[in-house]
Amino acid sequence: MTILQIVVALLLAFSGMVLLAPIYISLLQRLGFGKRIRAEGPDHFGKAGTPTMGGMLVVGVVLFLAMALRIEDAATLTPMLTLMGVGILGAIDDFVNVRTGIGMRGRWKLVWQTIVAVLAGYYIQRHFEITAINIPFVGEIIIGPLLFLIFVAFVIVGTSNAVNLTDGLDGLAGGVLIFSFVAYLLISLVPVEGLKLAQPNLAIFCALVIGALMGFLWFNVHPAQIFMGDSGALSLGATLAVVATVNGQLPLLAVIGIVFFAVIMSVVIQVISYRLRGRRIFRMTPLHHHFELVGWAEEKITVRFWIVAALAGLLGVSIFIAGVSGL
């Protein structure tokens, strides 16, 4: 029955997005919620004025259907609240960005993200009594509640910002997120005790996110009719990390989310290199802008990043299955 529920949830979320997006796009256009393009980046000035804050529709559809399908339990409550909490932060940032062209100060966004991440980590640790992290092929490593909380909060904030940095080309972040959530959906369905499913409701939640993102991509692929904005990128990144934590496979996110990791590390490496050596390693960061300046077409970058994300998701699921089966 769970497989049928997953398919139904995915189709409902996709249909909801496809039906509501044209109305939502029209509303954003009337309100003047158009994207402002920075002068220092690659030449994307033709995209100026494209409605942003599309992520709020994704968040709204997922949360509405999650409540309608009554999948709220200990496994899904934290990702749902994270999606809502960070989504509000992103929406405020999108609103300020549209009105001023600057957005919220980075330190205030970081404070908000950290508060949500700490609350999410604390709830997960207390409810599931987790004091260890599961390393593939190594097993559980006991680190204690405090270190677990610090580690989880750090990864949630880091993943949230990594997805936000990846959201720089039409369809890029949305497509990569789909493959990441598909991987954790499959992990949720792997039998761990007899025929009992590990996290069936969490799998349905992932299906809702996947379906909503598919519906969003219908309008976000090049040339985009709407952008995800911080409301979607920040919240979905944080939610992905929370889903990984609830599944007990947070370290595996380094494999499944390798695209996001590569993007944020390109920024870190660039900054360190410039400050220590006065040289840039990449022509521009985040990483996808480097490939733009090398000469790759936007569509080529997006599809190639999708391919890497699909392979990373497949590898991550394979590592998990090999680990639990003792191969």
# chains A, B, ... in the order shown; residues from 1 in each chain; ligands from 1
$ residues_around --residues "region 96-112 of chain A" --least-positions-apart "2" --cutoff "10 Å" --atoms "only C-alpha atoms" --output "list in words"
Gly32, Phe33, Gly34, Lys35, Arg36, Ile37, Arg38, Gly49, Pro51, Thr52, Met53, Gly85, Val86, Leu89, Gly90, Ala91, Ile92, Asp93, Asp94, Thr114, Ile115, Val116, Ala117, Val157, Gly158, Asn161, Gly229, Asp230 and Leu234 of chain A
$ residues_around --residues "Leu165 (chain A)" --least-positions-apart "5" --cutoff "10 Å" --atoms "only C-alpha atoms" --output "ChimeraX atom specification"
/A:159-160,173,230,233-234,260,263-264,267,285-288
$ closest_atom_pairs --of "region 96-205 of chain A" --to "region 64-81 of chain A" --cutoff "7 Å" --atoms "only C-alpha atoms" --output "Markdown table"
| residue | atom | partner | partner_atom | distance |
| --- | --- | --- | --- | --- |
| A:Ala120 | CA | A:Thr78 | CA | 6.0 |
| A:Asn201 | CA | A:Ile71 | CA | 5.6 |
| A:Leu202 | CA | A:Thr76 | CA | 5.5 |
| A:Phe205 | CA | A:Ala66 | CA | 6.7 |
$ write_last_selection --atoms "N, CA and C atoms" --output "tab-separated table (two decimals), in the first residue's frame"
chain	number	residue	atom	x	y	z
A	120	ALA	N	15.73	21.63	15.32
A	120	ALA	CA	15.49	20.38	14.61
A	120	ALA	C	16.41	19.28	15.13
A	201	ASN	N	6.18	6.96	6.17
A	201	ASN	CA	5.64	8.32	6.05
A	201	ASN	C	6.70	9.30	5.54
A	202	LEU	N	7.94	9.06	5.92
A	202	LEU	CA	9.02	9.92	5.43
A	202	LEU	C	9.18	9.73	3.92
A	205	PHE	N	6.51	11.76	2.34
A	205	PHE	CA	6.89	13.18	2.39
A	205	PHE	C	7.89	13.50	1.28
$ residues_around --residues "Phe216 (chain A)" --least-positions-apart "5" --cutoff "8 Å" --atoms "only C-alpha atoms" --output "VMD selection string"
chain A and resid 14 17 to 18 21 54 58 174
$ write_last_selection --atoms "N, CA and C atoms" --output "compact mmCIF listing (two decimals), in the first residue's frame"
# COMPACT_ATOMS: atom_id res chain seq x y z
N PHE A 14 2.60 17.08 -8.01
CA PHE A 14 2.91 17.55 -9.36
C PHE A 14 1.70 18.28 -9.97
N MET A 17 1.05 21.71 -8.40
CA MET A 17 2.00 22.73 -8.87
C MET A 17 1.66 23.19 -10.28
N VAL A 18 1.38 22.24 -11.17
CA VAL A 18 1.09 22.59 -12.57
C VAL A 18 -0.18 23.42 -12.68
N ALA A 21 0.67 27.01 -10.49
CA ALA A 21 1.81 27.85 -10.87
C ALA A 21 1.45 28.99 -11.82
N GLY A 54 9.30 31.51 -6.17
CA GLY A 54 8.55 30.33 -6.56
C GLY A 54 8.61 29.23 -5.52
N VAL A 58 6.05 25.82 -3.75
CA VAL A 58 6.49 24.44 -3.47
C VAL A 58 6.26 24.11 -2.01
N GLY A 174 16.60 22.81 -8.66
CA GLY A 174 15.39 21.98 -8.59
C GLY A 174 15.64 20.56 -9.07
$ select_by_dssp --residues "region 83-316 of chain A" --states "alpha helix (DSSP H)" --output "ChimeraX atom specification"
/A:83-100,106-128,144-166,172-189,200-220,229-246,253-256,258-277,287-294,298-316
$ atom_distance --atom1 "CA of Ala13 (chain A)" --atom2 "CA of Ile187 (chain A)"
20.7 Å
$ atom_distance --atom1 "CA of Val7 (chain A)" --atom2 "CA of Thr166 (chain A)"
27.8 Å
$ select_by_dssp --residues "region 117-181 of chain A" --states "strand (DSSP E)" --output "ChimeraX atom specification"
/A:132-135,139-142
$ write_last_selection --atoms "N, CA and C atoms" --output "mmCIF file, in the first residue's frame"
data_model
loop_
_atom_site.group_PDB
_atom_site.id
_atom_site.type_symbol
_atom_site.label_atom_id
_atom_site.label_comp_id
_atom_site.auth_asym_id
_atom_site.auth_seq_id
_atom_site.Cartn_x
_atom_site.Cartn_y
_atom_site.Cartn_z
ATOM 1 N N ALA A 132 24.944 8.735 18.174
ATOM 2 C CA ALA A 132 25.992 8.252 17.276
ATOM 3 C C ALA A 132 25.659 8.639 15.844
ATOM 4 N N ILE A 133 26.659 8.638 14.998
ATOM 5 C CA ILE A 133 26.445 8.832 13.570
ATOM 6 C C ILE A 133 26.850 7.557 12.851
ATOM 7 N N ASN A 134 26.117 7.247 11.781
ATOM 8 C CA ASN A 134 26.328 5.999 11.061
ATOM 9 C C ASN A 134 27.204 6.256 9.839
ATOM 10 N N ILE A 135 28.430 5.749 9.855
ATOM 11 C CA ILE A 135 29.365 5.908 8.750
ATOM 12 C C ILE A 135 29.287 4.662 7.868
ATOM 13 N N GLY A 139 30.145 1.698 10.426
ATOM 14 C CA GLY A 139 29.181 1.471 11.486
ATOM 15 C C GLY A 139 28.960 2.716 12.313
ATOM 16 N N GLU A 140 28.326 2.536 13.447
ATOM 17 C CA GLU A 140 28.009 3.673 14.295
ATOM 18 C C GLU A 140 29.220 4.135 15.090
ATOM 19 N N ILE A 141 29.399 5.433 15.137
ATOM 20 C CA ILE A 141 30.457 6.039 15.945
ATOM 21 C C ILE A 141 29.796 6.892 17.021
ATOM 22 N N ILE A 142 30.002 6.535 18.269
ATOM 23 C CA ILE A 142 29.388 7.253 19.375
ATOM 24 C C ILE A 142 30.055 8.621 19.524
#
$ closest_residue --among "A:Ala238, A:Ala207, A:Leu185, A:Ile150" --to "Thr82 (chain A)" --atoms "only C-alpha atoms"
A:Ala238
$ closest_residue --among "A:Phe137, A:Gly87, A:Ile272, A:Val308" --to "Gly60 (chain A)" --atoms "only C-alpha atoms"
A:Gly87
$ closest_residue --among "A:Ala310, A:Met214, A:Val246, A:Val209" --to "Arg126 (chain A)" --atoms "only C-alpha atoms"
A:Val246
$ atom_distance --atom1 "CA of Ser188 (chain A)" --atom2 "CA of Tyr123 (chain A)"
19.5 Å
$ closest_residue --among "A:Leu12, A:Met84, A:Val190, A:Ile143" --to "Ala322 (chain A)" --atoms "only C-alpha atoms"
A:Val190
$ residues_around --residues "Gly144 (chain A)" --least-positions-apart "3" --cutoff "7 Å" --atoms "only C-alpha atoms" --output "MDAnalysis selection string"
chainID A and resid 131:132 147:148
$ closest_residue --among "A:Val182, A:Val243, A:Leu83, A:Leu208" --to "Val152 (chain A)" --atoms "only C-alpha atoms"
A:Val243
